[in-house]
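Participant: My questions will all concern the structure given below.
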Amino acid sequence: MKALYVFLSSLVFFGFICVSPAAAAAAEKPIDLYFLDDVDYDHWAYEELERFLYADIIDGYVETESFEEDGEKYDYTYVSIKPKNSITRAEFTKILVNSMNLHTGETVKSFPDVKPAKWYYEYVKVASSQGIINGKPDGTFRPNDKITRNEMAVMIYRAFESTLDFSATGKVFPDVPKGNFAYEAVMKTAALGIIKGYGNVFKPYNDATRAEAIVMIDRALHLVPGTDEDPAASIQTVDRYIKDEMKFTEQQDVEALKALYRETTMGYQLAYSLDSMDMAGMIEEDPDTKFTMEQIGEHVINAVSVTNHFAEVRIDNLVYKVSMTAPDMSFNMNIDLSGTAYLKKNDDGKWKIYNVVLDEDDSDQDWKEALETEIN
């Protein structure tokens, strides 16, 4: 019966059992590879770092540790972002291409130090074809060099020049004079708040950190306006997920559920949903246990904010009556699983859910405590 408590309290999403270069389909990852280990909630860039990890824009560094308990050896896998570390030119290029869903353009510039066998080859190819990178004066790209803050500002400026209005004059930093190759890019990205600087200076030749790189790209992504159809499309994705999950679960159609998850979710939420299906089997294995969920009333969905790349969608009044009967216990309770869904638009123009944050309130704790009391 402990499995049921774990199932309900940890793996219920929306009240149910069940979140590469743009041209390539991202491989599905296990839920372990979304456990962010080295960034606390109070980190200045936590929200952006989590978003990029959950939306499969970055992968982080996969770490595995072993521990022993009761004579058994176990492995624990998690992900490190290493936000204070520097970032190479190749790594930054990959993040920029992934985040923007960029494809190879007509004219590709080649670099003698970027070979087809290298992991970054396709990303550099895409970025060069989009005019984002031109290389060094000697014709090389130097993919393994650490990227500086002024180089990063120039790449962001070029990447978003066609989708953002850079006509405003921004802050002029004394350490980025007009003679600096990054002067225009720094001034115009500062005008839109993409870069902030350190007080009155920018420190253009400092190595950029991984956190700085991700935050600057994230700021730019959130400034690109969406289409008139984007709010309705993002709402439709969330509504379909809720309704079809209920339908396919009642029908016990496992393959339809998996297809639904792959069509409407990505990254963390996809891994979470598929993992939840595995946990559901713990209940199905007991023929004497009956578990049902019935929606009470109608839920309401509204778009809170929508840009060309990200959407935040609010779900209210999503209430379920949960019932279970078993030889040794039974219970009935209502669970409010209202919350906020976060989506990213893919390169095919379709919105997918990468994370859902449920509302935290007293009733949430009440049903968990009540369930634990019944089981104990």
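Scheme for the structure tokens: letters A, B, ... for chains in order shown; per-chain residue numbers from 1; ligand numbers from 1 in order shown.
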Mind checking DSSP for segment 93-178 of chain A and telling me the helix (DSSP H, G or I) residues as a tab-separated table (two decimals) with all heavy atoms, in the first residue's frame?
Facilitator:
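Written out: part-v1.tsv:
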```tsv
chain	number	residue	atom	x	y	z
A	93	THR	N	27.45	28.35	-28.90
A	93	THR	CA	26.79	28.22	-30.20
A	93	THR	C	25.70	27.16	-30.16
A	93	THR	O	24.60	27.35	-30.68
A	93	THR	CB	27.83	27.87	-31.29
A	93	THR	OG1	28.82	28.90	-31.35
A	93	THR	CG2	27.16	27.73	-32.65
A	94	LYS	N	25.99	26.03	-29.53
A	94	LYS	CA	25.00	24.96	-29.41
A	94	LYS	C	23.75	25.44	-28.67
A	94	LYS	O	22.62	25.19	-29.12
A	94	LYS	CB	25.60	23.76	-28.69
A	94	LYS	CG	24.61	22.64	-28.42
A	94	LYS	CD	25.23	21.50	-27.63
A	94	LYS	CE	24.19	20.43	-27.32
A	94	LYS	NZ	24.76	19.30	-26.55
A	95	ILE	N	23.94	26.12	-27.55
A	95	ILE	CA	22.79	26.58	-26.76
A	95	ILE	C	21.96	27.57	-27.55
A	95	ILE	O	20.72	27.52	-27.56
A	95	ILE	CB	23.27	27.21	-25.44
A	95	ILE	CG1	23.96	26.15	-24.57
A	95	ILE	CG2	22.10	27.82	-24.67
A	95	ILE	CD1	24.60	26.71	-23.31
A	96	LEU	N	22.62	28.48	-28.26
A	96	LEU	CA	21.91	29.49	-29.03
A	96	LEU	C	21.10	28.85	-30.16
A	96	LEU	O	19.92	29.17	-30.37
A	96	LEU	CB	22.92	30.50	-29.60
A	96	LEU	CG	22.37	31.80	-30.19
A	96	LEU	CD1	21.55	32.56	-29.14
A	96	LEU	CD2	23.51	32.67	-30.70
A	97	VAL	N	21.69	27.91	-30.87
A	97	VAL	CA	21.00	27.23	-31.97
A	97	VAL	C	19.83	26.41	-31.45
A	97	VAL	O	18.72	26.45	-32.01
A	97	VAL	CB	22.00	26.32	-32.74
A	97	VAL	CG1	21.26	25.39	-33.69
A	97	VAL	CG2	23.01	27.17	-33.50
A	98	ASN	N	20.05	25.67	-30.36
A	98	ASN	CA	18.97	24.85	-29.78
A	98	ASN	C	17.81	25.72	-29.30
A	98	ASN	O	16.64	25.38	-29.51
A	98	ASN	CB	19.51	24.03	-28.61
A	98	ASN	CG	20.13	22.72	-29.06
A	98	ASN	OD1	20.01	22.32	-30.21
A	98	ASN	ND2	20.82	22.06	-28.14
A	99	SER	N	18.12	26.79	-28.61
A	99	SER	CA	17.07	27.61	-27.99
A	99	SER	C	16.18	28.28	-29.02
A	99	SER	O	15.00	28.50	-28.79
A	99	SER	CB	17.70	28.67	-27.08
A	99	SER	OG	18.43	29.62	-27.83
A	100	MET	N	16.76	28.60	-30.19
A	100	MET	CA	16.02	29.34	-31.22
A	100	MET	C	15.43	28.44	-32.30
A	100	MET	O	14.80	28.94	-33.23
A	100	MET	CB	16.93	30.38	-31.86
A	100	MET	CG	17.45	31.44	-30.90
A	100	MET	SD	18.50	32.66	-31.72
A	100	MET	CE	17.28	33.53	-32.73
A	121	TYR	N	30.02	20.37	-34.88
A	121	TYR	CA	30.06	20.70	-36.31
A	121	TYR	C	28.72	21.23	-36.83
A	121	TYR	O	28.66	22.28	-37.49
A	121	TYR	CB	30.48	19.47	-37.12
A	121	TYR	CG	30.46	19.71	-38.62
A	121	TYR	CD1	31.49	20.40	-39.25
A	121	TYR	CD2	29.39	19.24	-39.40
A	121	TYR	CE1	31.46	20.61	-40.62
A	121	TYR	CE2	29.35	19.45	-40.76
A	121	TYR	CZ	30.39	20.14	-41.37
A	121	TYR	OH	30.35	20.35	-42.73
A	122	GLU	N	27.63	20.51	-36.56
A	122	GLU	CA	26.32	20.91	-37.08
A	122	GLU	C	25.86	22.25	-36.50
A	122	GLU	O	25.24	23.05	-37.20
A	122	GLU	CB	25.28	19.82	-36.80
A	122	GLU	CG	25.46	18.56	-37.64
A	122	GLU	CD	25.26	18.82	-39.12
A	122	GLU	OE1	24.49	19.74	-39.48
A	122	GLU	OE2	25.87	18.10	-39.93
A	123	TYR	N	26.15	22.48	-35.23
A	123	TYR	CA	25.73	23.73	-34.59
A	123	TYR	C	26.47	24.92	-35.21
A	123	TYR	O	25.86	25.97	-35.48
A	123	TYR	CB	25.98	23.67	-33.09
A	123	TYR	CG	25.27	22.53	-32.40
A	123	TYR	CD1	25.96	21.38	-32.03
A	123	TYR	CD2	23.90	22.58	-32.15
A	123	TYR	CE1	25.31	20.32	-31.41
A	123	TYR	CE2	23.24	21.53	-31.53
A	123	TYR	CZ	23.96	20.40	-31.17
A	123	TYR	OH	23.32	19.36	-30.57
A	124	VAL	N	27.76	24.77	-35.42
A	124	VAL	CA	28.55	25.83	-36.04
A	124	VAL	C	28.09	26.06	-37.48
A	124	VAL	O	28.00	27.20	-37.95
A	124	VAL	CB	30.06	25.48	-35.99
A	124	VAL	CG1	30.88	26.52	-36.78
A	124	VAL	CG2	30.55	25.41	-34.55
A	125	LYS	N	27.79	24.97	-38.16
A	125	LYS	CA	27.29	25.06	-39.53
A	125	LYS	C	26.00	25.88	-39.60
A	125	LYS	O	25.85	26.77	-40.44
A	125	LYS	CB	27.05	23.64	-40.06
A	125	LYS	CG	26.49	23.56	-41.47
A	125	LYS	CD	26.27	22.10	-41.86
A	125	LYS	CE	25.61	21.98	-43.23
A	125	LYS	NZ	25.38	20.56	-43.60
A	126	VAL	N	25.07	25.58	-38.70
A	126	VAL	CA	23.79	26.31	-38.67
A	126	VAL	C	24.04	27.78	-38.35
A	126	VAL	O	23.51	28.68	-39.02
A	126	VAL	CB	22.83	25.69	-37.63
A	126	VAL	CG1	21.61	26.58	-37.44
A	126	VAL	CG2	22.41	24.29	-38.06
A	127	ALA	N	24.82	28.04	-37.30
A	127	ALA	CA	25.06	29.42	-36.87
A	127	ALA	C	25.76	30.24	-37.95
A	127	ALA	O	25.44	31.42	-38.16
A	127	ALA	CB	25.87	29.43	-35.58
A	128	SER	N	26.72	29.65	-38.65
A	128	SER	CA	27.43	30.38	-39.70
A	128	SER	C	26.49	30.69	-40.86
A	128	SER	O	26.56	31.77	-41.46
A	128	SER	CB	28.64	29.58	-40.18
A	128	SER	OG	28.24	28.44	-40.93
A	129	SER	N	25.59	29.75	-41.17
A	129	SER	CA	24.66	29.97	-42.28
A	129	SER	C	23.62	31.04	-41.97
A	129	SER	O	23.02	31.60	-42.88
A	129	SER	CB	23.96	28.65	-42.63
A	129	SER	OG	23.00	28.30	-41.65
A	149	ARG	N	32.55	38.07	-22.90
A	149	ARG	CA	31.25	38.72	-22.80
A	149	ARG	C	30.93	39.56	-24.04
A	149	ARG	O	29.78	39.62	-24.46
A	149	ARG	CB	31.21	39.58	-21.53
A	149	ARG	CG	31.11	38.74	-20.25
A	149	ARG	CD	31.30	39.58	-18.98
A	149	ARG	NE	30.42	40.72	-18.89
A	149	ARG	CZ	29.14	40.68	-18.51
A	149	ARG	NH1	28.60	39.51	-18.19
A	149	ARG	NH2	28.41	41.77	-18.44
A	150	ASN	N	31.94	40.20	-24.63
A	150	ASN	CA	31.65	40.99	-25.83
A	150	ASN	C	31.35	40.09	-27.03
A	150	ASN	O	30.48	40.39	-27.85
A	150	ASN	CB	32.77	41.99	-26.13
A	150	ASN	CG	34.13	41.36	-26.31
A	150	ASN	OD1	34.28	40.15	-26.18
A	150	ASN	ND2	35.13	42.17	-26.61
A	151	GLU	N	32.05	38.95	-27.15
A	151	GLU	CA	31.75	37.99	-28.21
A	151	GLU	C	30.32	37.45	-28.07
A	151	GLU	O	29.60	37.28	-29.07
A	151	GLU	CB	32.74	36.83	-28.18
A	151	GLU	CG	34.16	37.21	-28.60
A	151	GLU	CD	35.14	36.07	-28.41
A	151	GLU	OE1	34.89	35.20	-27.54
A	151	GLU	OE2	36.16	36.05	-29.11
A	152	MET	N	29.94	37.18	-26.83
A	152	MET	CA	28.60	36.67	-26.57
A	152	MET	C	27.54	37.70	-26.96
A	152	MET	O	26.52	37.36	-27.58
A	152	MET	CB	28.47	36.30	-25.10
A	152	MET	CG	27.16	35.67	-24.70
A	152	MET	SD	27.22	34.99	-23.03
A	152	MET	CE	27.54	36.49	-22.07
A	153	ALA	N	27.76	38.97	-26.62
A	153	ALA	CA	26.80	40.02	-26.96
A	153	ALA	C	26.64	40.15	-28.47
A	153	ALA	O	25.53	40.34	-28.97
A	153	ALA	CB	27.27	41.35	-26.36
A	154	VAL	N	27.75	40.04	-29.21
A	154	VAL	CA	27.69	40.15	-30.67
A	154	VAL	C	26.88	39.00	-31.26
A	154	VAL	O	26.05	39.21	-32.16
A	154	VAL	CB	29.11	40.17	-31.26
A	154	VAL	CG1	29.06	40.00	-32.78
A	154	VAL	CG2	29.81	41.48	-30.91
A	155	MET	N	27.10	37.79	-30.78
A	155	MET	CA	26.36	36.64	-31.32
A	155	MET	C	24.87	36.74	-31.03
A	155	MET	O	24.03	36.42	-31.89
A	155	MET	CB	26.94	35.34	-30.75
A	155	MET	CG	28.30	34.98	-31.33
A	155	MET	SD	28.95	33.41	-30.68
A	155	MET	CE	27.74	32.23	-31.30
A	156	ILE	N	24.52	37.20	-29.84
A	156	ILE	CA	23.10	37.36	-29.50
A	156	ILE	C	22.47	38.44	-30.37
A	156	ILE	O	21.35	38.29	-30.88
A	156	ILE	CB	22.94	37.69	-28.00
A	156	ILE	CG1	23.31	36.47	-27.16
A	156	ILE	CG2	21.51	38.12	-27.70
A	156	ILE	CD1	23.29	36.73	-25.67
A	157	TYR	N	23.18	39.54	-30.55
A	157	TYR	CA	22.68	40.65	-31.38
A	157	TYR	C	22.41	40.18	-32.80
A	157	TYR	O	21.35	40.45	-33.39
A	157	TYR	CB	23.69	41.78	-31.36
A	157	TYR	CG	23.35	42.94	-32.26
A	157	TYR	CD1	22.14	43.64	-32.13
A	157	TYR	CD2	24.25	43.36	-33.25
A	157	TYR	CE1	21.84	44.71	-32.96
A	157	TYR	CE2	23.95	44.43	-34.08
A	157	TYR	CZ	22.75	45.10	-33.94
A	157	TYR	OH	22.44	46.15	-34.76
A	158	ARG	N	23.36	39.46	-33.38
A	158	ARG	CA	23.18	38.95	-34.74
A	158	ARG	C	22.04	37.94	-34.83
A	158	ARG	O	21.27	37.94	-35.79
A	158	ARG	CB	24.48	38.30	-35.22
A	158	ARG	CG	25.63	39.26	-35.47
A	158	ARG	CD	26.90	38.48	-35.76
A	158	ARG	NE	28.05	39.34	-36.00
A	158	ARG	CZ	29.32	38.92	-36.00
A	158	ARG	NH1	29.57	37.63	-35.78
A	158	ARG	NH2	30.30	39.77	-36.22
A	159	ALA	N	21.93	37.09	-33.81
A	159	ALA	CA	20.91	36.04	-33.83
A	159	ALA	C	19.49	36.61	-33.78
A	159	ALA	O	18.57	36.05	-34.40
A	159	ALA	CB	21.13	35.07	-32.67
A	160	PHE	N	19.32	37.71	-33.06
A	160	PHE	CA	17.96	38.25	-32.86
A	160	PHE	C	17.71	39.54	-33.64
A	160	PHE	O	16.65	40.15	-33.50
A	160	PHE	CB	17.73	38.52	-31.36
A	160	PHE	CG	17.59	37.26	-30.55
A	160	PHE	CD1	18.70	36.68	-29.95
A	160	PHE	CD2	16.35	36.65	-30.38
A	160	PHE	CE1	18.58	35.52	-29.19
A	160	PHE	CE2	16.22	35.49	-29.64
A	160	PHE	CZ	17.34	34.92	-29.05
```
Participant: Considering only C-alpha atoms, return as a PyMOL selection string whatever protein or nucleic-acid residues lie within 10 Å of Lys82 of chain A, sequence-local ones (same chain, fewer than 6 positions apart) excluded.
Facilitator: chain A and resi 37-39+60-61+209-211
Participant: I'd like to know which of A:Asn180, A:Thr307, A:Thr265, A:Ser338 is closest to Gly226 of chain A, using only C-alpha atoms.
Facilitator: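 Looking only at the distances to Gly226 of chain A, the closest residue turns out to be A:Thr307.
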Participant: Could you pull out the strand (DSSP E) residues of segment 218-334 of chain A from DSSP and send them as a PyMOL selection string?
Facilitator: chain A and resi 290-296+300-306+310-316+319-326+329-334
Participant: Tell me, as an NGL selection string, which residues lie within 12 Å of Asp40 of chain A, counting only C-alpha atoms; anything in the same chain fewer than 2 positions away does not count.
Facilitator: :A and (35-38 or 42-47 or 49-50 or 80-83)
Participant: Any idea what's packed within 7 Å of segment 318-322 of chain A, counting only C-alpha atoms, ignoring anything in its chain fewer than 5 positions away? Could you give it as a list in words?
Facilitator: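 Within the cut-off, the hits are Gly15, Thr292, Met293, Glu294, Gln295, Ile296, His299, Asn332, Met333, Asn334, Ile335, Asp336, Leu337 and Ser338 of chain A.
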Participant: Report as an MDAnalysis selection string all protein, DNA and RNA residues lying within 8 Å of Asp175 of chain A, evaluated on only C-alpha atoms, omitting residues in the same chain fewer than 5 positions from it.
Facilitator: chainID A and resid 201:204
Participant: Go ahead and write the residues just picked, N, CA and C atoms, as an mmCIF file, in the first residue's frame.
Facilitator:
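Okay, this is what ended up in result.cif:
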```cif
data_model
loop_
_atom_site.group_PDB
_atom_site.id
_atom_site.type_symbol
_atom_site.label_atom_id
_atom_site.label_comp_id
_atom_site.auth_asym_id
_atom_site.auth_seq_id
_atom_site.Cartn_x
_atom_site.Cartn_y
_atom_site.Cartn_z
ATOM 1 N N VAL A 201 30.103 49.391 -15.709
ATOM 2 C CA VAL A 201 31.017 48.759 -16.664
ATOM 3 C C VAL A 201 30.435 47.440 -17.162
ATOM 4 N N PHE A 202 30.960 46.980 -18.300
ATOM 5 C CA PHE A 202 30.479 45.743 -18.904
ATOM 6 C C PHE A 202 31.467 44.590 -18.750
ATOM 7 N N LYS A 203 32.743 44.906 -18.620
ATOM 8 C CA LYS A 203 33.817 43.910 -18.541
ATOM 9 C C LYS A 203 33.784 43.010 -19.783
ATOM 10 N N PRO A 204 33.987 43.629 -20.948
ATOM 11 C CA PRO A 204 33.815 42.906 -22.222
ATOM 12 C C PRO A 204 34.779 41.750 -22.442
#
```
Participant: Identify which of the residues A:Val224, A:Val186, A:Val114, A:Val313 lies closest to Gln236 of chain A, counting only C-alpha atoms when measuring atom-to-atom distances.
Facilitator: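 The closest residue to Gln236 of chain A is A:Val313.
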